[in-house]
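K.L.:
This is the structure I want to talk about, given as structure tokens.
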Protein chains: 2
Amino acid sequence: MPRSVDVILTNANVLTMNAAFDRFAPGAVAVEGGRIAAVGPAEQIGREYTAAETVDCSGQVVTPGLVNAHTHAPMTLVRGLADDLRLDVWLLGYMMPVEREFVRPESVRLGTRLACAEMIRSGVTCFLDMYYFEESVATAAADAGMRAVCAETILKYPTPDANSSEHSLHRCREFIEHWQGHPLITPAVGPHAHYTCTPEVLQACSRLACDFDVPLATHVSETASEVETSLLEHGMRVVPWLRQNGLLESKLIAAHCVHLVGNEIRLLLEAGAGVTHCPTSNLKLASGIAPVTRMLQIGLRVGIGTDGPASNNDLDMFDETRLAALLAKGSTGDPTALPARQAYALATIEGARAIHLGDEIGSLEPGKRADLAVVDVSGLHSTPKFERDPDAIYAQLVYAAKSSDVIHVMVEGRWLMRDRVLLTLDEAEINAESSQIATRIDAFLVEREQSVLSKLLIIGGVKQEESYEVQVKGRLGPGALRQVEAGLANPAISITKQSHYRQYDSYFLFDQAEPSAEQLRFREDEVVDESGEVVDARSRLTLIGPSSEREFPGAVMLSRSRYYSPADKSLRFYQEYFQPASVRQVDKERRRWRIRYKNTYFAVNLDRLTRPPEDCYFIEIKSRTWSERDAERKAGLVVELMELFGEVEAVETIPDGYVDL
Amino acid sequence: MPRSVDVILTNANVLTMNAAFDRFAPGAVAVEGGRIAAVGPAEQIGREYTAAETVDCSGQVVTPGLVNAHTHAPMTLVRGLADDLRLDVWLLGYMMPVEREFVRPESVRLGTRLACAEMIRSGVTCFLDMYYFEESVATAAADAGMRAVCAETILKYPTPDANSSEHSLHRCREFIEHWQGHPLITPAVGPHAHYTCTPEVLQACSRLACDFDVPLATHVSETASEVETSLLEHGMRVVPWLRQNGLLESKLIAAHCVHLVGNEIRLLLEAGAGVTHCPTSNLKLASGIAPVTRMLQIGLRVGIGTDGPASNNDLDMFDETRLAALLAKGSTGDPTALPARQAYALATIEGARAIHLGDEIGSLEPGKRADLAVVDVSGLHSTPKFERDPDAIYAQLVYAAKSSDVIHVMVEGRWLMRDRVLLTLDEAEINAESSQIATRIDAFLVEREQSVLSKLLIIGGVKQEESYEVQVKGRLGPGALRQVEAGLANPAISITKQSHYRQYDSYFLFDQAEPSAEQLRFREDEVVDESGEVVDARSRLTLIGPSSEREFPGAVMLSRSRYYSPADKSLRFYQEYFQPASVRQVDKERRRWRIRYKNTYFAVNLDRLTRPPEDCYFIEIKSRTWSERDAERKAGLVVELMELFGEVEAVETIPDGYVDL
């Protein structure tokens, strides 16, 4: 007598993705109690099983659900916020400021619901996530009926959900304790990356993952500069460093792995680690192309991930798998590399193995969880069909099918989508709520970007130091140095300090039409000794107010500089982040004397401009000031001092930086 | 009073893709007489125009239709037929044999209809095609209401539609004369590529294109080996060679351009040529990545093409544009390369300029043809939306939108799709007819692939030469050469010819279980002179029948070899094409004497096996035979001869090729 089960999907082209790549056409899958009861020829399953619900899948493919092996689901909410930027500008200028402000349990839940809806629509039944408030990700995924490996992210810095790494680790432990054993959710530990964690944090993460026997997900060698940092700081590449800190003892899932060398690949293999290939993100951020074919050659477990939707910009595993297959060929020069069947395996069973769920999901085999997708291959772009090559169906799925061809999706025996209608999530509601938060993020950024100052503040590290100076400038002839030294020899002047720099200034000009426009100066200072040798260097960023606040008699100006910060990022970064209308370069050699004159301190600078190649000399006398009265008094002294330096061609309004010369 | 027009699309996010990238949101487009009457803010258009039909496009983007700047539309019919193969195996083993058999006017029309249906569905309004029976492509495209540049393909070889290049050129001239002036179809000349055309053919093509002032489309530097061929044969790279043959004087459209160097890019720019970037095809066939950013930097016109659906495997310009944007970043290491807005321009206005239709289509501007697509960006994968960056909409289209988001398409003011329903093509009918032809192609290939012989025949160049030989083999000791020479000194033997080879044999074994299985031998012969110098080399392919047809007394065998052909392709080609179960390598040094004995001719071979490194010697005595009686007589003589060579360890059944030793 036929055995009774919950659901039978029949008359399909069933791709089991088991070790033998068995395929049944027409085939059927019997589902009972959330697991697969049987897979086989339609006729045989029909004889051996009856079901409450039988789904006719004629002209359709039944496949294991796709496994998105690396993403940051809640980042759907910042999808399309900032694109075509360099990693640092994108991250420091946009993602991190917005995350600091908007990442809350509610927004994480909303972003995850949006991500789940999109993933279910595209045939994904399981994803690996790394984010903050990971309990909200887990809750949202479980509510949507999706399977997920949820890794609570841990950094050495404060995060949106923890004020220290100890706090993060504590939260992670509680998270694991709460979710372990859940049928859909696998909790995991997520040290963000080797360069954002101390060795102690890495080691604690590994211990935590091993203690609870849960996976550990981290970013590995995504960019070349990461590897350089590791070589410089640890004297070894990234994977050996991870091993030294115990991560290879855990059930490791290493995302990206773009810049690995042979022995690192072997170390990961020996550790039984999984690797997640994220081709779109790696191309979009110009990180490189992971050596996937080499990994596969030695038998490393490799899955495919979309990465976060802010760097992709979608969660489409069909796109991702196609790109993986194409890139493998293009990057090796071998059109037979990563053929369609193997690429499709990476998106299913190999992805499951990479995230350490290979025994439970990834293929349609009796006893495994009933996670599957039904794909309609009757569309024009899947026409015609050829039977000669039994692997043609995989080529059709990888090279021609689209995520919009997925029509039904089941996880753990439960339908999440039927006939392209989501059953566990309300699309309209998600759409509306997402739009609300997008409006707020938009407003936040628009406000911050209204002035250079607020853009400066948003990237952090800025010291607010409003300073006023009275200053005068005069042009000198070729004998300038002797002339100034003669002036300084005047007995009324005592020299307290003397220094010699080369200064390389880049002025970012924003709006030439407006006279009160702010300027941002990126200055690199080289301190040189007697012999002209560079003995020190530093760079700083200064936001300069309108060139002159007030003028005093004798061409003395009152100028104001408002904010400065040590410039820990490159000129390129600031230029791409601030997007000035133009940039002016002014290089000069500066000799500086700190002097005392009539009980007041002044700085005397002798500048020799070298770029634009002016090769002319300027004397500048300036002093800080703090009140109207003080400024007036010092303006008078400055005029006196200037006279001591002899024949000076006082130029009326030479601005501080020689920018408009 | 408002002016009356045919159609107004309103309340849309209108991307004009004009020179200023003007965008109107909410915007509107007024269409009249197949052309764009006006584009502007919705409110203004609503005030100035009334229309018989007004389409509310709230939440939708109205964009110029996409331009697929390089494809072979009828090849939809071989989509998915053979994938993940090397170019030569794919082309010579599958595409060309199938095209020889199935490319007819009716199949070209059907394939084009399938392609048009797919392209309309994905927002493409214009495509450039190169194929055979181009008049059928033109007819099908015009009937479907699509715009197309149709280039009749011309080669130096016979093609499915012409028996010579003269014939092709004649057909092309007639084709141009017939279609020139058609509102939708631009006829063009399509010399296939520099390496498949003689200089005379190239020159004739250029003259034809210039005489009629029509575009000329060709493949340029798709692979590195093409460039090598050009350097070798013409002493110059491809573009200078094309210039020398007049192609740069025509309205040139150069597809692929993967392997161009700086001065070639400049030559194309100076010629006003357009380039078509086909990133999917170039990756899939591992041809390389075109230097698109360099081309764009100097202002070359670049469009995007899907290439034929047999090497893609779809006609999805959304996929293609995204890949172009991603690859530019990945290949240059610069994430700001080819930003979304520019990538989208390549898919629209720049594509139009590249195919020399920039004045008519590619942007939404008054006076231009009304070719447009309406894209629904309300999907989950396009959620949320940010307004801060005015270019965000382009990023949304390029990085997140899918071809399935296209809902309406219009060409020349005529609706081709409304609400995702095709209005000019019958999908079900196309699907059914395509399936029929696929079934026939399947059967054709399956039949041809049933035996090694038919697979051999399909790639051509095979001589059918059934030959029977009686032969005996014996193992000799280290003094073999002296022993054989002593035997040959026997007065009963006269030597007619003597030679010395090194032979490198690769045996393709197909089915070890079956004793009568065929073997295919790829043999490279090196003829060496007295001093051991190689004086000649050749390779040939031989299909070998069952190892022994019959045995005679004295271990003499009757063997049969059936077909051979000069092996003009590489071992790698044959191995990938025939996909043997295993390959055995046998290398040997062979001394051969042609002798006469009792008025009968024999060959005596002394083989020294070098690989597998046997370093043992065999004597082989054989003679061709043609009848049972002749074979019996010669078998007796062979036994006699063998005795003349002294102490020989006659091995019972050493097969011809030592494969099973």
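Residue numbering restarts at 1 for every chain of the structure tokens, chains are lettered A, B, ... in their displayed order, and ligands are numbered from 1 as they appear.
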Using only C-alpha atoms, what table do you get, as CSV, when you list each residue of chain B with an atom no more than 6 Å from chain A, its nearest pair of atoms, and their distance in Å rounded to one decimal, rows by chain then rising number?

P.N.:
residue,atom,partner,partner_atom,distance
B:Leu81,CA,A:Phe386,CA,5.9
B:Asp84,CA,A:Thr336,CA,4.7
B:Leu85,CA,A:Thr336,CA,5.3
B:Arg86,CA,A:Pro335,CA,5.4
B:Glu118,CA,A:Leu380,CA,5.8
B:Leu283,CA,A:Gly330,CA,4.3
B:Lys284,CA,A:Leu326,CA,5.1
B:Leu285,CA,A:Pro335,CA,5.0
B:Ala286,CA,A:Gly330,CA,4.5
B:Gly288,CA,A:Gly330,CA,5.9
B:Asn313,CA,A:Ala400,CA,5.3
B:Asp314,CA,A:Ala400,CA,5.4
B:Leu326,CA,A:Lys284,CA,5.1
B:Lys329,CA,A:Ala286,CA,5.2
B:Gly330,CA,A:Leu283,CA,4.3
B:Gly333,CA,A:Ala286,CA,4.8
B:Asp334,CA,A:Ala286,CA,5.7
B:Pro335,CA,A:Leu285,CA,5.0
B:Thr336,CA,A:Asp84,CA,4.8
B:Pro339,CA,A:Asp84,CA,5.4
B:Leu380,CA,A:Glu118,CA,5.8
B:His381,CA,A:Asp314,CA,5.9
B:Pro384,CA,A:Ser435,CA,5.4
B:Phe386,CA,A:Leu81,CA,6.0
B:Arg388,CA,A:Asp442,CA,5.7
B:Tyr399,CA,A:Asn313,CA,5.4
B:Ala400,CA,A:Asn313,CA,5.3
B:Ser434,CA,A:Pro384,CA,5.8
B:Ser435,CA,A:Pro384,CA,5.5
B:Asp442,CA,A:Arg388,CA,5.7
B:Val446,CA,A:Arg388,CA,6.0

K.L.:
What's around B:Ala204 at 12 Å? Count only C-alpha atoms, leave out sequence neighbours fewer than 2 positions away in its own chain, and write the answer as a PDB file with N, CA and C atoms, in the first residue's frame.

P.N.:
ATOM      1  N   ILE B 154      29.648  37.829 -44.849  1.00  0.00           N
ATOM      2  CA  ILE B 154      30.436  37.458 -46.024  1.00  0.00           C
ATOM      3  C   ILE B 154      31.744  36.812 -45.575  1.00  0.00           C
ATOM      4  N   LEU B 155      32.042  35.643 -46.140  1.00  0.00           N
ATOM      5  CA  LEU B 155      33.282  34.939 -45.825  1.00  0.00           C
ATOM      6  C   LEU B 155      33.971  34.532 -47.120  1.00  0.00           C
ATOM      7  N   LYS B 156      35.226  34.125 -46.982  1.00  0.00           N
ATOM      8  CA  LYS B 156      35.909  33.627 -48.177  1.00  0.00           C
ATOM      9  C   LYS B 156      35.473  32.201 -48.497  1.00  0.00           C
ATOM     10  N   SER B 165      32.366  33.763 -52.053  1.00  0.00           N
ATOM     11  CA  SER B 165      32.334  35.135 -51.544  1.00  0.00           C
ATOM     12  C   SER B 165      31.712  36.072 -52.588  1.00  0.00           C
ATOM     13  N   GLU B 166      31.939  35.786 -53.857  1.00  0.00           N
ATOM     14  CA  GLU B 166      31.306  36.603 -54.907  1.00  0.00           C
ATOM     15  C   GLU B 166      29.780  36.529 -54.786  1.00  0.00           C
ATOM     16  N   SER B 168      28.126  35.778 -52.072  1.00  0.00           N
ATOM     17  CA  SER B 168      27.753  36.510 -50.861  1.00  0.00           C
ATOM     18  C   SER B 168      27.671  38.009 -51.131  1.00  0.00           C
ATOM     19  N   LEU B 169      28.694  38.520 -51.806  1.00  0.00           N
ATOM     20  CA  LEU B 169      28.729  39.961 -52.081  1.00  0.00           C
ATOM     21  C   LEU B 169      27.551  40.370 -52.966  1.00  0.00           C
ATOM     22  N   HIS B 170      27.241  39.531 -53.896  1.00  0.00           N
ATOM     23  CA  HIS B 170      26.108  39.803 -54.777  1.00  0.00           C
ATOM     24  C   HIS B 170      24.797  39.806 -53.977  1.00  0.00           C
ATOM     25  N   CYS B 172      24.527  40.379 -50.851  1.00  0.00           N
ATOM     26  CA  CYS B 172      24.552  41.516 -49.941  1.00  0.00           C
ATOM     27  C   CYS B 172      24.116  42.790 -50.674  1.00  0.00           C
ATOM     28  N   ARG B 173      24.614  42.970 -51.900  1.00  0.00           N
ATOM     29  CA  ARG B 173      24.232  44.148 -52.683  1.00  0.00           C
ATOM     30  C   ARG B 173      22.717  44.168 -52.924  1.00  0.00           C
ATOM     31  N   VAL B 189      26.811  45.684 -44.450  1.00  0.00           N
ATOM     32  CA  VAL B 189      27.730  44.690 -44.994  1.00  0.00           C
ATOM     33  C   VAL B 189      28.462  44.033 -43.830  1.00  0.00           C
ATOM     34  N   GLY B 190      28.562  42.706 -43.859  1.00  0.00           N
ATOM     35  CA  GLY B 190      29.142  42.008 -42.710  1.00  0.00           C
ATOM     36  C   GLY B 190      30.282  41.063 -43.035  1.00  0.00           C
ATOM     37  N   PRO B 191      31.438  41.584 -43.473  1.00  0.00           N
ATOM     38  CA  PRO B 191      32.580  40.668 -43.624  1.00  0.00           C
ATOM     39  C   PRO B 191      32.844  40.033 -42.251  1.00  0.00           C
ATOM     40  N   CYS B 197      38.326  36.345 -44.268  1.00  0.00           N
ATOM     41  CA  CYS B 197      38.132  37.028 -45.549  1.00  0.00           C
ATOM     42  C   CYS B 197      39.491  37.280 -46.192  1.00  0.00           C
ATOM     43  N   THR B 198      39.552  37.178 -47.492  1.00  0.00           N
ATOM     44  CA  THR B 198      40.779  37.563 -48.195  1.00  0.00           C
ATOM     45  C   THR B 198      40.825  39.089 -48.255  1.00  0.00           C
ATOM     46  N   PRO B 199      42.001  39.659 -48.534  1.00  0.00           N
ATOM     47  CA  PRO B 199      42.069  41.110 -48.696  1.00  0.00           C
ATOM     48  C   PRO B 199      41.085  41.597 -49.756  1.00  0.00           C
ATOM     49  N   GLU B 200      40.955  40.826 -50.833  1.00  0.00           N
ATOM     50  CA  GLU B 200      40.040  41.235 -51.917  1.00  0.00           C
ATOM     51  C   GLU B 200      38.596  41.306 -51.407  1.00  0.00           C
ATOM     52  N   VAL B 201      38.216  40.317 -50.591  1.00  0.00           N
ATOM     53  CA  VAL B 201      36.843  40.306 -50.062  1.00  0.00           C
ATOM     54  C   VAL B 201      36.648  41.503 -49.133  1.00  0.00           C
ATOM     55  N   LEU B 202      37.633  41.760 -48.262  1.00  0.00           N
ATOM     56  CA  LEU B 202      37.531  42.910 -47.361  1.00  0.00           C
ATOM     57  C   LEU B 202      37.369  44.203 -48.166  1.00  0.00           C
ATOM     58  N   SER B 206      34.201  46.835 -48.209  1.00  0.00           N
ATOM     59  CA  SER B 206      34.318  48.249 -47.886  1.00  0.00           C
ATOM     60  C   SER B 206      33.749  49.103 -49.011  1.00  0.00           C
ATOM     61  N   ARG B 207      34.089  48.740 -50.247  1.00  0.00           N
ATOM     62  CA  ARG B 207      33.554  49.508 -51.383  1.00  0.00           C
ATOM     63  C   ARG B 207      32.039  49.473 -51.412  1.00  0.00           C
ATOM     64  N   LEU B 208      31.493  48.278 -51.164  1.00  0.00           N
ATOM     65  CA  LEU B 208      30.037  48.115 -51.185  1.00  0.00           C
ATOM     66  C   LEU B 208      29.394  49.000 -50.117  1.00  0.00           C
ATOM     67  N   ALA B 209      29.965  48.962 -48.908  1.00  0.00           N
ATOM     68  CA  ALA B 209      29.400  49.754 -47.810  1.00  0.00           C
ATOM     69  C   ALA B 209      29.510  51.244 -48.110  1.00  0.00           C
ATOM     70  N   CYS B 210      30.638  51.659 -48.680  1.00  0.00           N
ATOM     71  CA  CYS B 210      30.833  53.084 -48.983  1.00  0.00           C
ATOM     72  C   CYS B 210      29.917  53.518 -50.133  1.00  0.00           C
ATOM     73  N   ASP B 211      29.785  52.673 -51.154  1.00  0.00           N
ATOM     74  CA  ASP B 211      28.936  53.021 -52.292  1.00  0.00           C
ATOM     75  C   ASP B 211      27.506  53.316 -51.849  1.00  0.00           C
ATOM     76  N   LEU B 216      29.217  48.949 -41.891  1.00  0.00           N
ATOM     77  CA  LEU B 216      29.939  47.703 -42.140  1.00  0.00           C
ATOM     78  C   LEU B 216      30.292  47.112 -40.772  1.00  0.00           C
ATOM     79  N   ASN B 245      43.013  47.634 -45.892  1.00  0.00           N
ATOM     80  CA  ASN B 245      42.039  47.072 -46.828  1.00  0.00           C
ATOM     81  C   ASN B 245      40.764  47.900 -46.926  1.00  0.00           C
ATOM     82  N   GLY B 246      40.861  49.134 -46.445  1.00  0.00           N
ATOM     83  CA  GLY B 246      39.791  50.096 -46.714  1.00  0.00           C
ATOM     84  C   GLY B 246      38.647  50.120 -45.725  1.00  0.00           C
ATOM     85  N   LEU B 247      38.644  49.223 -44.718  1.00  0.00           N
ATOM     86  CA  LEU B 247      37.478  49.141 -43.842  1.00  0.00           C
ATOM     87  C   LEU B 247      37.279  50.389 -42.986  1.00  0.00           C
ATOM     88  N   SER B 250      34.800  52.999 -44.174  1.00  0.00           N
ATOM     89  CA  SER B 250      33.358  52.754 -44.100  1.00  0.00           C
ATOM     90  C   SER B 250      32.832  53.159 -42.726  1.00  0.00           C
TER      91      SER B 250
END

K.L.:
Report the distance between atom CA of B:Tyr507 and atom CA of B:Tyr564 in Å, rounded to one decimal place.

P.N.:
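Atom CA of B:Tyr564 lies 13.7 Å from atom CA of B:Tyr507.
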
K.L.:
If you measure from atom CA of B:Leu609 to atom CA of B:Arg590, what distance in Å do you get, rounded to one decimal?

P.N.:
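Spanning atom CA of B:Leu609 to atom CA of B:Arg590 is a straight-line distance of 8.6 Å.
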
K.L.:
Grab the atom CA of A:Tyr577 to atom CA of A:His256 distance for me, in Å with one decimal place.

P.N.:
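Here the two named atoms are 25.6 Å from each other.
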
K.L.:
Among the residues of stretch 236-388 of chain A, find those DSSP assigns to alpha helix (DSSP H) from the backbone and print them as a ChimeraX atom specification.

P.N.:
/A:238-244,262-270,279-284,292-297,317-332,340-347,349-354

K.L.:
For stretch 620-627 of chain B, please output as a list in words all residues within 7 Å (counting only C-alpha atoms; exclusion window: fewer than 4 positions along the same chain).

P.N.:
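Those residues are Tyr468, Glu469, Val470, Gln471, Val472, Lys473, Gly474, Tyr601, Phe602, Ala603, Val604, Asn605, Leu606, Ala631 and Val638 of chain B.
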
K.L.:
List every residue of stretch 6-121 of chain B that has an atom at most 6 Å from any atom of stretch 354-367 of chain B, giving for each one its closest atom pair and the distance in Å to one decimal, counting only C-alpha atoms, sorted by chain and then by ascending residue number, as JSON lines.

P.N.:
{"residue": "B:Thr16", "atom": "CA", "partner": "B:Leu364", "partner_atom": "CA", "distance": 4.6}
{"residue": "B:Met17", "atom": "CA", "partner": "B:Ser363", "partner_atom": "CA", "distance": 5.0}
{"residue": "B:Asn18", "atom": "CA", "partner": "B:Ser363", "partner_atom": "CA", "distance": 5.6}
{"residue": "B:Arg35", "atom": "CA", "partner": "B:Gly367", "partner_atom": "CA", "distance": 5.8}
{"residue": "B:Ile36", "atom": "CA", "partner": "B:Pro366", "partner_atom": "CA", "distance": 4.9}
{"residue": "B:Ala37", "atom": "CA", "partner": "B:Pro366", "partner_atom": "CA", "distance": 5.1}
{"residue": "B:Ala38", "atom": "CA", "partner": "B:Pro366", "partner_atom": "CA", "distance": 5.1}
{"residue": "B:Pro64", "atom": "CA", "partner": "B:Ser363", "partner_atom": "CA", "distance": 5.2}

K.L.:
Deliver the residues from the most recent selection as a file, using N, CA, C and O atoms, as a compact mmCIF listing (two decimals), in the first residue's frame.

P.N.:
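Everything below was put into again.txt:
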# COMPACT_ATOMS: atom_id res chain seq x y z
N THR B 16 16.34 60.90 -20.00
CA THR B 16 16.43 61.24 -21.43
C THR B 16 17.68 60.65 -22.07
O THR B 16 17.70 60.37 -23.25
N MET B 17 18.77 60.48 -21.28
CA MET B 17 20.07 60.05 -21.81
C MET B 17 20.56 61.02 -22.89
O MET B 17 21.34 60.64 -23.77
N ASN B 18 20.12 62.27 -22.82
CA ASN B 18 20.68 63.28 -23.72
C ASN B 18 22.05 63.71 -23.21
O ASN B 18 22.53 63.20 -22.19
N ARG B 35 7.63 59.47 -33.76
CA ARG B 35 8.78 60.21 -33.22
C ARG B 35 8.40 60.86 -31.89
O ARG B 35 7.23 60.96 -31.54
N ILE B 36 9.43 61.28 -31.18
CA ILE B 36 9.22 61.94 -29.91
C ILE B 36 8.88 63.40 -30.19
O ILE B 36 9.66 64.11 -30.84
N ALA B 37 7.71 63.82 -29.70
CA ALA B 37 7.28 65.20 -29.91
C ALA B 37 7.86 66.09 -28.82
O ALA B 37 8.29 67.22 -29.09
N ALA B 38 7.88 65.59 -27.59
CA ALA B 38 8.35 66.42 -26.48
C ALA B 38 8.71 65.55 -25.29
O ALA B 38 8.16 64.47 -25.11
N PRO B 64 15.20 55.42 -22.94
CA PRO B 64 15.37 55.01 -24.33
C PRO B 64 15.46 53.49 -24.37
O PRO B 64 16.00 52.87 -23.44

K.L.:
Near stretch 488-497 of chain A, counting only C-alpha atoms, which residues have an atom at most 9 Å away, once you skip same-chain residues fewer than 2 positions from it, shown as a ChimeraX atom specification?

P.N.:
/A:483-486,499,592-598,644-645

K.L.:
Excluding A:Val29 and its own-chain neighbours fewer than 5 positions away, which residues fall within 7 Å of it when counting only C-alpha atoms? Please give them as a ChimeraX atom specification.

P.N.:
/A:8-10,38-40

K.L.:
What's around B:Ala69 at 10 Å? Count only C-alpha atoms, leave out sequence neighbours fewer than 2 positions away in its own chain, and write the answer as an MDAnalysis selection string.

P.N.:
chainID B and resid 66:67 71 126:129 148:149 253:255 274:278 302:307 317 346:348 350:355

K.L.:
I want to know what sits within 12 Å of A:Pro240, based on only C-alpha atoms, with residues of the same chain fewer than 5 positions away left out; could you give that as number ranges by chain?

P.N.:
A: 194, 220-221, 227, 230-231, 234-235, 245-248, 260-268, 271

K.L.:
Running DSSP on the backbone, which parts of stretch 447-604 of chain A land in strand (DSSP E or B), as a PyMOL selection string?

P.N.:
chain A and resi 463-476+493-509+519-528+534-544+550-552+556-566+582-597+600-604
